[in-house]
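Participant: The structure is given below, and queries will be raised subsequently.
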Amino acid sequence: MGPLIPFGVIGAQWDLVIALLIGVAFGYVLESSGFSSSRKLAGVFYGYDFTVLRVFFTAAITAVIGLIYFSYAGWIDLSMIYVNPTFVTSAIVGGAVMGLGFIMGGYCPGTSFCGAAIGKIDAMFFTIGMFLGIFLFSEFFPAISGLYEQSSMGPVKVYEVLGLSRSLFVFLLVIVALAAFILTSMIEKKVKKIES
Amino acid sequence: MKRVYIILMTIAVLMSAGLFLFDDKKPDDQLSPQKLLLEINDDSRYWSTDLVADKIIKHDPALLLIDVRSNDQYEEFSLPGALNIPLENILDEEWQGYFLAEDFDIVLFSNDEIYAGQAWILLRRLNYKNLRVMQGGLNHWAETIMQPLMPKQSAPQEAFELYDFRRAANQYFGGGSGEIQPVDTETIQVTRKKKKSAVEGGC
């Protein structure tokens with residue numbers, strides 16, 4: 001049956017409408033989880049607030065378990081799902097740059113818009129910086145395209161690279177996630193909470 | 001820790017452990033044996049030689065003839081415009097694009113129906129659509145189109161009309177000599193569809 005849009009269950013002309021609805025829902029969830037506060041987001045790096053880690057880890061394991069069950073039920077064709085191609089070098093470099101920006105600014109791209117939407121000035125400057133970064137990246141792309149395209153692995157999946165079965169990998173991922181939840185909540189109790 | 005978190009965590013562990021139960025189940029991109037059996041018993045896949053001849057004469061753009069016999073036999077004689085994909089090579093990657101061309105009526109044929117029928121079952125199992133088998137194969141083609149028999153005087157009008165069509169078709173296909181020069185297959189333009197294009201998108 002799914003994915004709904006590529007199989008024409010929902011017409012492609014609804015793309016923007018659906019994107020808008022999902023965007024509004026995503027923004028609402030981010031804001032109501034307190035993700036429009038840079039203090040809360042940066043807390044994951046300083047060790048006093050791990051909500052970010054828990055929320056995204058929960059999203060990941062919920063999505064992975066749900067998708068696999070849906071595929072077994074025949075509701076979704078997993079081969080139609082877009083898998084980001086892996087470029088090892090640029091993932092490491094990009095991850096370091098993004099992490100540095102995250103620590104310094106206290107936002108990631110999505111949450112900076114959330115913060116800007118509720119009038120946080122640091123978030124607005126963060127978004128300006130982000131567009132500046134996009135502009136510079138695009139302008140200098142020919143110069144760094146060698147680095148960007150280095151060590152391409154194609155659209156691989158983690159469990160394929162590790163040689164594990166999918167079920168085992170998902171199970172281990174869930175265990176790691178839950179261990180991280182318990183561990184981080186223990187750390188949080190010891191560290192003084194900073195009000196956002 | 002709150003009780004609700006413990007419950008949710010237990011659910012997550014159980015759900016992920018439950019995946020092991022389904023580990024061997026493959027996604028259902030092939031036709032199930034039950035459905036295949038239904039289709040085998042349904043003879044709507046057969047196209048008569050007359051229908052195929054009519055479509056060739058009318059240059060039906062949606063017709064894709066596939067000769068599943070060996071290359072030698074194909075070189076000797078085949079239907080005009082037919083593509084040669086020997087049965088043993090029918091699952092080769094290079095031909096899959098032709099079967100994916102869903103706008104086409106793909107007509108499989110061999111000397112009789114056996115090889116074409118085998119090819120049909122293989123391809124249907126892989127869930128390719130719009131596949132036909134020319135009924136009776138080339139032997140029946142020779143009997144009906146190449147050397148049509150004049151119906152008896154007492155035969156119904158339709159039989160005479162069919163006979164007229166077959167004689168006309170016979171003229172079209174080379175006047176009963178039985179020699180057909182197969183069209184250069186390089187000229188067949190098939191728009192190959194990609195097998196499956198994943199949805200583009202990112203974070």
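By order in the structure tokens, chains are A, B, ...; within a chain, residues start at 1; ligands start at 1, following the order shown.
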Taking only C-alpha atoms into account, produce a table as CSV in which each residue of chain A with an atom at most 10 Å from an atom of chain B appears once, together with its shortest atom pair and the distance in Å to one decimal, ordered by chain and rising number.

Facilitator:
residue,atom,partner,partner_atom,distance
A:Pro3,CA,B:Val199,CA,8.8
A:Ile5,CA,B:Val199,CA,8.9
A:Pro6,CA,B:Val199,CA,6.9
A:Thr58,CA,B:Ala12,CA,9.5
A:Ile61,CA,B:Ala12,CA,8.0
A:Thr62,CA,B:Ala12,CA,7.9
A:Val64,CA,B:Ser16,CA,9.2
A:Ile65,CA,B:Ser16,CA,6.4
A:Gly66,CA,B:Met15,CA,9.1
A:Ile68,CA,B:Leu19,CA,7.9
A:Tyr69,CA,B:Leu19,CA,7.7
A:Ser71,CA,B:Pro27,CA,7.0
A:Tyr72,CA,B:Pro27,CA,6.6
A:Ala73,CA,B:Pro27,CA,9.0
A:Gly74,CA,B:Asp28,CA,7.2
A:Ile76,CA,B:Pro27,CA,9.7
A:Asp77,CA,B:Pro27,CA,7.9
A:Leu78,CA,B:Pro27,CA,8.6
A:Ser79,CA,B:Ala198,CA,7.0
A:Met80,CA,B:Ala198,CA,4.5
A:Ile81,CA,B:Ala198,CA,5.6
A:Tyr82,CA,B:Val199,CA,5.0
A:Val83,CA,B:Ala198,CA,8.0
A:Asn84,CA,B:Gly202,CA,7.2
A:Gly110,CA,B:Cys203,CA,9.6
A:Ser165,CA,B:Asp23,CA,8.2
A:Arg166,CA,B:Asp23,CA,8.0
A:Ser167,CA,B:Leu19,CA,5.4
A:Leu168,CA,B:Phe20,CA,7.3
A:Phe169,CA,B:Ser16,CA,9.5
A:Val170,CA,B:Ser16,CA,6.4
A:Phe171,CA,B:Ser16,CA,5.1
A:Leu172,CA,B:Ser16,CA,8.7
A:Leu173,CA,B:Ser16,CA,9.1
A:Val174,CA,B:Val13,CA,6.6
A:Ile175,CA,B:Val13,CA,7.1
A:Ala177,CA,B:Met9,CA,9.6
A:Leu178,CA,B:Met9,CA,6.8
A:Ala179,CA,B:Met9,CA,10.0
A:Phe181,CA,B:Met9,CA,9.5
A:Ile182,CA,B:Met1,CA,8.6
A:Ser185,CA,B:Met1,CA,8.6
A:Met186,CA,B:Met1,CA,9.5

Participant: When you look at Tyr172 in chain B with a cut-off of 10 Å (counting only C-alpha atoms), what residues show up, excluding the ones that are within fewer than 5 positions of it in the same chain? I need them as a ChimeraX atom specification.

Facilitator: /B:53,56-57,145,166-167

Participant: For Leu123 in chain B, find every residue with an atom within 10 Å (counting only C-alpha atoms), except residues of its own chain fewer than 3 positions away, and show them as a list in words.

Facilitator: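 The contact residues come out as Gln30, Leu31, Ile90, Leu91, Gln96, Phe99, Gly117, Gln118, Ala119, Trp120, Leu126, Asn127, Tyr128, Lys129 and Leu131 of chain B.
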
Participant: What does the file look like for those residues with all heavy atoms, as a CSV table (one decimal), in the first residue's frame?

Facilitator:
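To be explicit, this is the file written out as out27.csv:
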chain,number,residue,atom,x,y,z
B,30,GLN,N,6.8,-11.0,-4.7
B,30,GLN,CA,6.5,-12.0,-5.7
B,30,GLN,C,5.1,-12.4,-5.6
B,30,GLN,O,4.5,-12.3,-4.6
B,30,GLN,CB,7.5,-13.2,-5.5
B,30,GLN,CG,8.9,-12.8,-5.6
B,30,GLN,CD,9.8,-14.1,-5.6
B,30,GLN,OE1,9.4,-15.1,-5.1
B,30,GLN,NE2,11.0,-14.0,-6.2
B,31,LEU,N,4.6,-13.0,-6.7
B,31,LEU,CA,3.2,-13.5,-6.7
B,31,LEU,C,3.1,-14.7,-5.8
B,31,LEU,O,4.0,-15.6,-5.9
B,31,LEU,CB,2.9,-13.8,-8.1
B,31,LEU,CG,1.4,-13.7,-8.4
B,31,LEU,CD1,0.9,-12.3,-8.3
B,31,LEU,CD2,1.2,-14.2,-9.8
B,90,ILE,N,16.1,-15.6,-19.8
B,90,ILE,CA,14.9,-14.6,-19.6
B,90,ILE,C,15.0,-13.9,-18.3
B,90,ILE,O,14.5,-12.8,-18.1
B,90,ILE,CB,13.6,-15.4,-19.7
B,90,ILE,CG1,12.5,-14.5,-20.1
B,90,ILE,CG2,13.2,-16.1,-18.4
B,90,ILE,CD1,11.5,-15.1,-21.0
B,91,LEU,N,15.8,-14.4,-17.3
B,91,LEU,CA,15.9,-13.7,-16.0
B,91,LEU,C,17.1,-12.8,-16.0
B,91,LEU,O,17.4,-12.2,-15.0
B,91,LEU,CB,16.0,-14.7,-14.9
B,91,LEU,CG,14.7,-15.6,-14.7
B,91,LEU,CD1,14.9,-16.5,-13.6
B,91,LEU,CD2,13.5,-14.8,-14.6
B,96,GLN,N,15.3,-7.2,-18.1
B,96,GLN,CA,14.2,-6.9,-17.2
B,96,GLN,C,13.5,-5.6,-17.5
B,96,GLN,O,12.3,-5.5,-17.3
B,96,GLN,CB,14.8,-6.9,-15.7
B,96,GLN,CG,15.4,-8.2,-15.3
B,96,GLN,CD,14.6,-9.4,-15.6
B,96,GLN,OE1,13.5,-9.5,-15.2
B,96,GLN,NE2,15.2,-10.3,-16.4
B,99,PHE,N,10.4,-6.1,-19.7
B,99,PHE,CA,9.2,-6.7,-19.0
B,99,PHE,C,8.6,-5.6,-18.1
B,99,PHE,O,7.4,-5.7,-17.8
B,99,PHE,CB,9.6,-7.9,-18.2
B,99,PHE,CG,10.2,-9.0,-19.0
B,99,PHE,CD1,11.4,-9.5,-18.6
B,99,PHE,CD2,9.6,-9.4,-20.2
B,99,PHE,CE1,12.0,-10.5,-19.4
B,99,PHE,CE2,10.2,-10.4,-20.9
B,99,PHE,CZ,11.4,-10.9,-20.5
B,117,GLY,N,4.9,-20.7,-22.3
B,117,GLY,CA,4.2,-20.9,-21.1
B,117,GLY,C,5.1,-20.9,-19.9
B,117,GLY,O,4.8,-20.3,-18.8
B,118,GLN,N,6.3,-21.6,-20.0
B,118,GLN,CA,7.3,-21.6,-18.9
B,118,GLN,C,7.8,-20.2,-18.6
B,118,GLN,O,7.9,-19.7,-17.5
B,118,GLN,CB,8.4,-22.5,-19.3
B,118,GLN,CG,8.0,-24.0,-19.2
B,118,GLN,CD,9.1,-24.9,-19.8
B,118,GLN,OE1,10.0,-24.4,-20.5
B,118,GLN,NE2,8.9,-26.2,-19.6
B,119,ALA,N,8.0,-19.4,-19.7
B,119,ALA,CA,8.5,-18.1,-19.5
B,119,ALA,C,7.4,-17.2,-18.9
B,119,ALA,O,7.7,-16.4,-18.0
B,119,ALA,CB,8.9,-17.5,-20.9
B,120,TRP,N,6.2,-17.5,-19.3
B,120,TRP,CA,5.1,-16.7,-18.7
B,120,TRP,C,5.0,-17.0,-17.2
B,120,TRP,O,4.8,-16.0,-16.4
B,120,TRP,CB,3.8,-17.1,-19.3
B,120,TRP,CG,2.6,-16.4,-18.8
B,120,TRP,CD1,2.1,-15.2,-19.1
B,120,TRP,CD2,1.7,-16.9,-17.7
B,120,TRP,NE1,1.0,-14.9,-18.4
B,120,TRP,CE2,0.7,-15.9,-17.5
B,120,TRP,CE3,1.7,-18.0,-17.0
B,120,TRP,CZ2,-0.3,-16.0,-16.6
B,120,TRP,CZ3,0.7,-18.2,-16.0
B,120,TRP,CH2,-0.3,-17.1,-15.8
B,126,LEU,N,7.5,-13.4,-10.9
B,126,LEU,CA,8.2,-12.1,-10.5
B,126,LEU,C,7.3,-10.9,-10.5
B,126,LEU,O,7.8,-9.8,-10.4
B,126,LEU,CB,9.4,-11.9,-11.4
B,126,LEU,CG,10.5,-13.0,-11.2
B,126,LEU,CD1,11.6,-12.8,-12.3
B,126,LEU,CD2,11.2,-12.9,-9.9
B,127,ASN,N,6.0,-11.2,-10.8
B,127,ASN,CA,5.0,-10.1,-10.7
B,127,ASN,C,5.1,-9.1,-11.9
B,127,ASN,O,4.8,-7.9,-11.7
B,127,ASN,CB,5.1,-9.4,-9.4
B,127,ASN,CG,3.7,-9.2,-8.9
B,127,ASN,OD1,2.7,-9.3,-9.6
B,127,ASN,ND2,3.6,-8.8,-7.6
B,128,TYR,N,5.7,-9.5,-13.0
B,128,TYR,CA,5.6,-8.6,-14.2
B,128,TYR,C,4.2,-8.7,-14.7
B,128,TYR,O,3.5,-9.7,-14.7
B,128,TYR,CB,6.6,-9.0,-15.2
B,128,TYR,CG,8.0,-8.8,-14.8
B,128,TYR,CD1,8.9,-9.8,-14.7
B,128,TYR,CD2,8.5,-7.5,-14.5
B,128,TYR,CE1,10.3,-9.6,-14.4
B,128,TYR,CE2,9.8,-7.3,-14.1
B,128,TYR,CZ,10.7,-8.3,-14.1
B,128,TYR,OH,11.9,-8.1,-13.7
B,129,LYS,N,3.8,-7.5,-15.3
B,129,LYS,CA,2.4,-7.5,-15.7
B,129,LYS,C,2.2,-7.5,-17.3
B,129,LYS,O,3.2,-7.4,-18.0
B,129,LYS,CB,1.8,-6.2,-15.2
B,129,LYS,CG,2.0,-5.9,-13.7
B,129,LYS,CD,0.8,-6.1,-12.9
B,129,LYS,CE,1.0,-6.2,-11.4
B,129,LYS,NZ,2.2,-5.7,-10.8
B,131,LEU,N,1.5,-9.7,-19.5
B,131,LEU,CA,2.2,-10.8,-20.3
B,131,LEU,C,1.1,-11.6,-21.0
B,131,LEU,O,0.1,-12.0,-20.4
B,131,LEU,CB,3.0,-11.6,-19.3
B,131,LEU,CG,4.1,-10.9,-18.6
B,131,LEU,CD1,4.6,-11.8,-17.4
B,131,LEU,CD2,5.3,-10.6,-19.5

Participant: Could you state the separation of CA of Ser110 in chain B and CA of Lys35 in chain B in Å, given to one decimal place?

Facilitator: 24.8 Å

Participant: From the DSSP assignment of the backbone, select every residue of chain A that is alpha helix (DSSP H), and format the answer as a PyMOL selection string.

Facilitator: chain A and resi 15-32+38-46+51-72+88-105+109-117+121-139+141-148+158-162+166-190

Participant: Find the residues around range 142-151 of chain A up to 7 Å (only C-alpha atoms counted), leave out those fewer than 5 positions away in its own chain, and share them as a list in words.

Facilitator: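 Contacts, in chain order: Phe87, Val88, Thr89 and Ser90 of chain A.
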
Participant: Keeping N, CA and C atoms, export the residues of the selection given above as a PDB file, in the first residue's frame.

Facilitator:
ATOM      1  N   PHE A  87      28.494   9.090   2.633  1.00  0.00           N
ATOM      2  CA  PHE A  87      29.819   9.565   2.261  1.00  0.00           C
ATOM      3  C   PHE A  87      30.594   9.702   3.566  1.00  0.00           C
ATOM      4  N   VAL A  88      31.534   8.795   3.797  1.00  0.00           N
ATOM      5  CA  VAL A  88      32.135   8.704   5.127  1.00  0.00           C
ATOM      6  C   VAL A  88      32.837   9.998   5.507  1.00  0.00           C
ATOM      7  N   THR A  89      33.715  10.472   4.600  1.00  0.00           N
ATOM      8  CA  THR A  89      34.516  11.652   4.961  1.00  0.00           C
ATOM      9  C   THR A  89      33.630  12.855   5.227  1.00  0.00           C
ATOM     10  N   SER A  90      32.708  13.119   4.309  1.00  0.00           N
ATOM     11  CA  SER A  90      31.904  14.322   4.490  1.00  0.00           C
ATOM     12  C   SER A  90      30.956  14.173   5.667  1.00  0.00           C
TER      13      SER A  90
END

Participant: Mind listing the strand (DSSP E or B) residues of range 52-189 of chain B, per DSSP on the backbone, as a PDB file with N, CA, C and O atoms, in the first residue's frame?

Facilitator:
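What landed in states27.pdb:
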ATOM      1  N   LEU B  63       2.472  -3.235 -28.923  1.00  0.00           N
ATOM      2  CA  LEU B  63       2.746  -4.665 -29.036  1.00  0.00           C
ATOM      3  C   LEU B  63       4.244  -4.923 -28.906  1.00  0.00           C
ATOM      4  O   LEU B  63       5.048  -4.277 -29.576  1.00  0.00           O
ATOM      5  N   LEU B  64       4.601  -5.817 -28.021  1.00  0.00           N
ATOM      6  CA  LEU B  64       6.005  -6.211 -27.911  1.00  0.00           C
ATOM      7  C   LEU B  64       6.063  -7.729 -27.987  1.00  0.00           C
ATOM      8  O   LEU B  64       5.638  -8.434 -27.070  1.00  0.00           O
ATOM      9  N   LEU B  65       6.578  -8.213 -29.131  1.00  0.00           N
ATOM     10  CA  LEU B  65       6.659  -9.656 -29.343  1.00  0.00           C
ATOM     11  C   LEU B  65       7.996 -10.160 -28.821  1.00  0.00           C
ATOM     12  O   LEU B  65       9.033  -9.559 -29.094  1.00  0.00           O
ATOM     13  N   ILE B  66       7.941 -11.214 -28.069  1.00  0.00           N
ATOM     14  CA  ILE B  66       9.187 -11.776 -27.549  1.00  0.00           C
ATOM     15  C   ILE B  66       9.265 -13.256 -27.903  1.00  0.00           C
ATOM     16  O   ILE B  66       8.404 -14.052 -27.533  1.00  0.00           O
ATOM     17  N   ASP B  67      10.303 -13.579 -28.672  1.00  0.00           N
ATOM     18  CA  ASP B  67      10.552 -14.953 -29.104  1.00  0.00           C
ATOM     19  C   ASP B  67      11.453 -15.604 -28.063  1.00  0.00           C
ATOM     20  O   ASP B  67      12.581 -15.179 -27.853  1.00  0.00           O
ATOM     21  N   LEU B  83      11.455  -9.665 -30.620  1.00  0.00           N
ATOM     22  CA  LEU B  83      12.715  -9.573 -29.900  1.00  0.00           C
ATOM     23  C   LEU B  83      13.058 -10.992 -29.453  1.00  0.00           C
ATOM     24  O   LEU B  83      12.176 -11.736 -29.074  1.00  0.00           O
ATOM     25  N   ASN B  84      14.339 -11.349 -29.523  1.00  0.00           N
ATOM     26  CA  ASN B  84      14.717 -12.704 -29.128  1.00  0.00           C
ATOM     27  C   ASN B  84      15.280 -12.706 -27.711  1.00  0.00           C
ATOM     28  O   ASN B  84      16.310 -12.098 -27.433  1.00  0.00           O
ATOM     29  N   ASP B 105       1.847  -4.557 -24.362  1.00  0.00           N
ATOM     30  CA  ASP B 105       1.316  -5.909 -24.269  1.00  0.00           C
ATOM     31  C   ASP B 105       2.453  -6.823 -24.710  1.00  0.00           C
ATOM     32  O   ASP B 105       2.832  -6.836 -25.882  1.00  0.00           O
ATOM     33  N   ILE B 106       2.997  -7.535 -23.772  1.00  0.00           N
ATOM     34  CA  ILE B 106       4.150  -8.375 -24.079  1.00  0.00           C
ATOM     35  C   ILE B 106       3.637  -9.757 -24.473  1.00  0.00           C
ATOM     36  O   ILE B 106       2.984 -10.433 -23.678  1.00  0.00           O
ATOM     37  N   VAL B 107       3.900 -10.146 -25.717  1.00  0.00           N
ATOM     38  CA  VAL B 107       3.419 -11.435 -26.207  1.00  0.00           C
ATOM     39  C   VAL B 107       4.598 -12.386 -26.315  1.00  0.00           C
ATOM     40  O   VAL B 107       5.534 -12.161 -27.079  1.00  0.00           O
ATOM     41  N   LEU B 108       4.564 -13.437 -25.527  1.00  0.00           N
ATOM     42  CA  LEU B 108       5.623 -14.441 -25.556  1.00  0.00           C
ATOM     43  C   LEU B 108       5.220 -15.534 -26.532  1.00  0.00           C
ATOM     44  O   LEU B 108       4.056 -15.927 -26.584  1.00  0.00           O
ATOM     45  N   PHE B 109       6.174 -16.011 -27.312  1.00  0.00           N
ATOM     46  CA  PHE B 109       5.841 -17.140 -28.182  1.00  0.00           C
ATOM     47  C   PHE B 109       7.055 -18.031 -28.396  1.00  0.00           C
ATOM     48  O   PHE B 109       8.197 -17.614 -28.248  1.00  0.00           O
ATOM     49  N   LEU B 131       1.499  -9.721 -19.512  1.00  0.00           N
ATOM     50  CA  LEU B 131       2.175 -10.763 -20.268  1.00  0.00           C
ATOM     51  C   LEU B 131       1.142 -11.639 -20.965  1.00  0.00           C
ATOM     52  O   LEU B 131       0.130 -12.004 -20.368  1.00  0.00           O
ATOM     53  N   ARG B 132       1.404 -11.942 -22.237  1.00  0.00           N
ATOM     54  CA  ARG B 132       0.498 -12.818 -22.998  1.00  0.00           C
ATOM     55  C   ARG B 132       1.308 -13.959 -23.598  1.00  0.00           C
ATOM     56  O   ARG B 132       2.516 -13.865 -23.743  1.00  0.00           O
ATOM     57  N   VAL B 133       0.583 -14.984 -23.967  1.00  0.00           N
ATOM     58  CA  VAL B 133       1.206 -16.105 -24.660  1.00  0.00           C
ATOM     59  C   VAL B 133       0.458 -16.290 -25.970  1.00  0.00           C
ATOM     60  O   VAL B 133      -0.780 -16.283 -25.982  1.00  0.00           O
ATOM     61  N   MET B 134       1.205 -16.400 -27.063  1.00  0.00           N
ATOM     62  CA  MET B 134       0.531 -16.626 -28.343  1.00  0.00           C
ATOM     63  C   MET B 134       0.079 -18.080 -28.396  1.00  0.00           C
ATOM     64  O   MET B 134       0.887 -19.002 -28.295  1.00  0.00           O
TER      65      MET B 134
END

Participant: Expressed in Å to a single decimal, how great is the separation between CA of His140 in chain B and CA of Thr49 in chain B?

Facilitator: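 These two atoms are separated by 7.2 Å.
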
Participant: Which residues, written as a PyMOL selection string, have at least one atom at most 8 Å from Cys108 in chain A, with only C-alpha atoms counted and residues fewer than 6 positions away on the same chain left out?

Facilitator: chain A and resi 98+101-102

Participant: With N, CA and C atoms retained, write the just-selected residues as a compact mmCIF listing (two decimals), in the first residue's frame.

Facilitator:
# COMPACT_ATOMS: atom_id res chain seq x y z
N MET A 98 28.75 20.67 12.13
CA MET A 98 27.38 20.82 12.66
C MET A 98 27.38 20.76 14.19
N GLY A 101 28.70 23.98 15.61
CA GLY A 101 27.68 25.01 15.51
C GLY A 101 26.58 24.80 16.54
N PHE A 102 26.26 23.55 16.77
CA PHE A 102 25.21 23.18 17.73
C PHE A 102 25.62 23.63 19.14

Participant: Could you list, as a PyMOL selection string, every residue within 12 Å of range 25-37 of chain A, counting only C-alpha atoms and ignoring same-chain residues fewer than 2 positions away?

Facilitator: chain A and resi 18-23+39-44+49-56+59+105-124+194-196

Participant: How many Å lie between CA of Tyr74 in chain B and CA of Asn139 in chain B, rounded to one decimal?

Facilitator: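 Distance between the two atoms: 13.8 Å.
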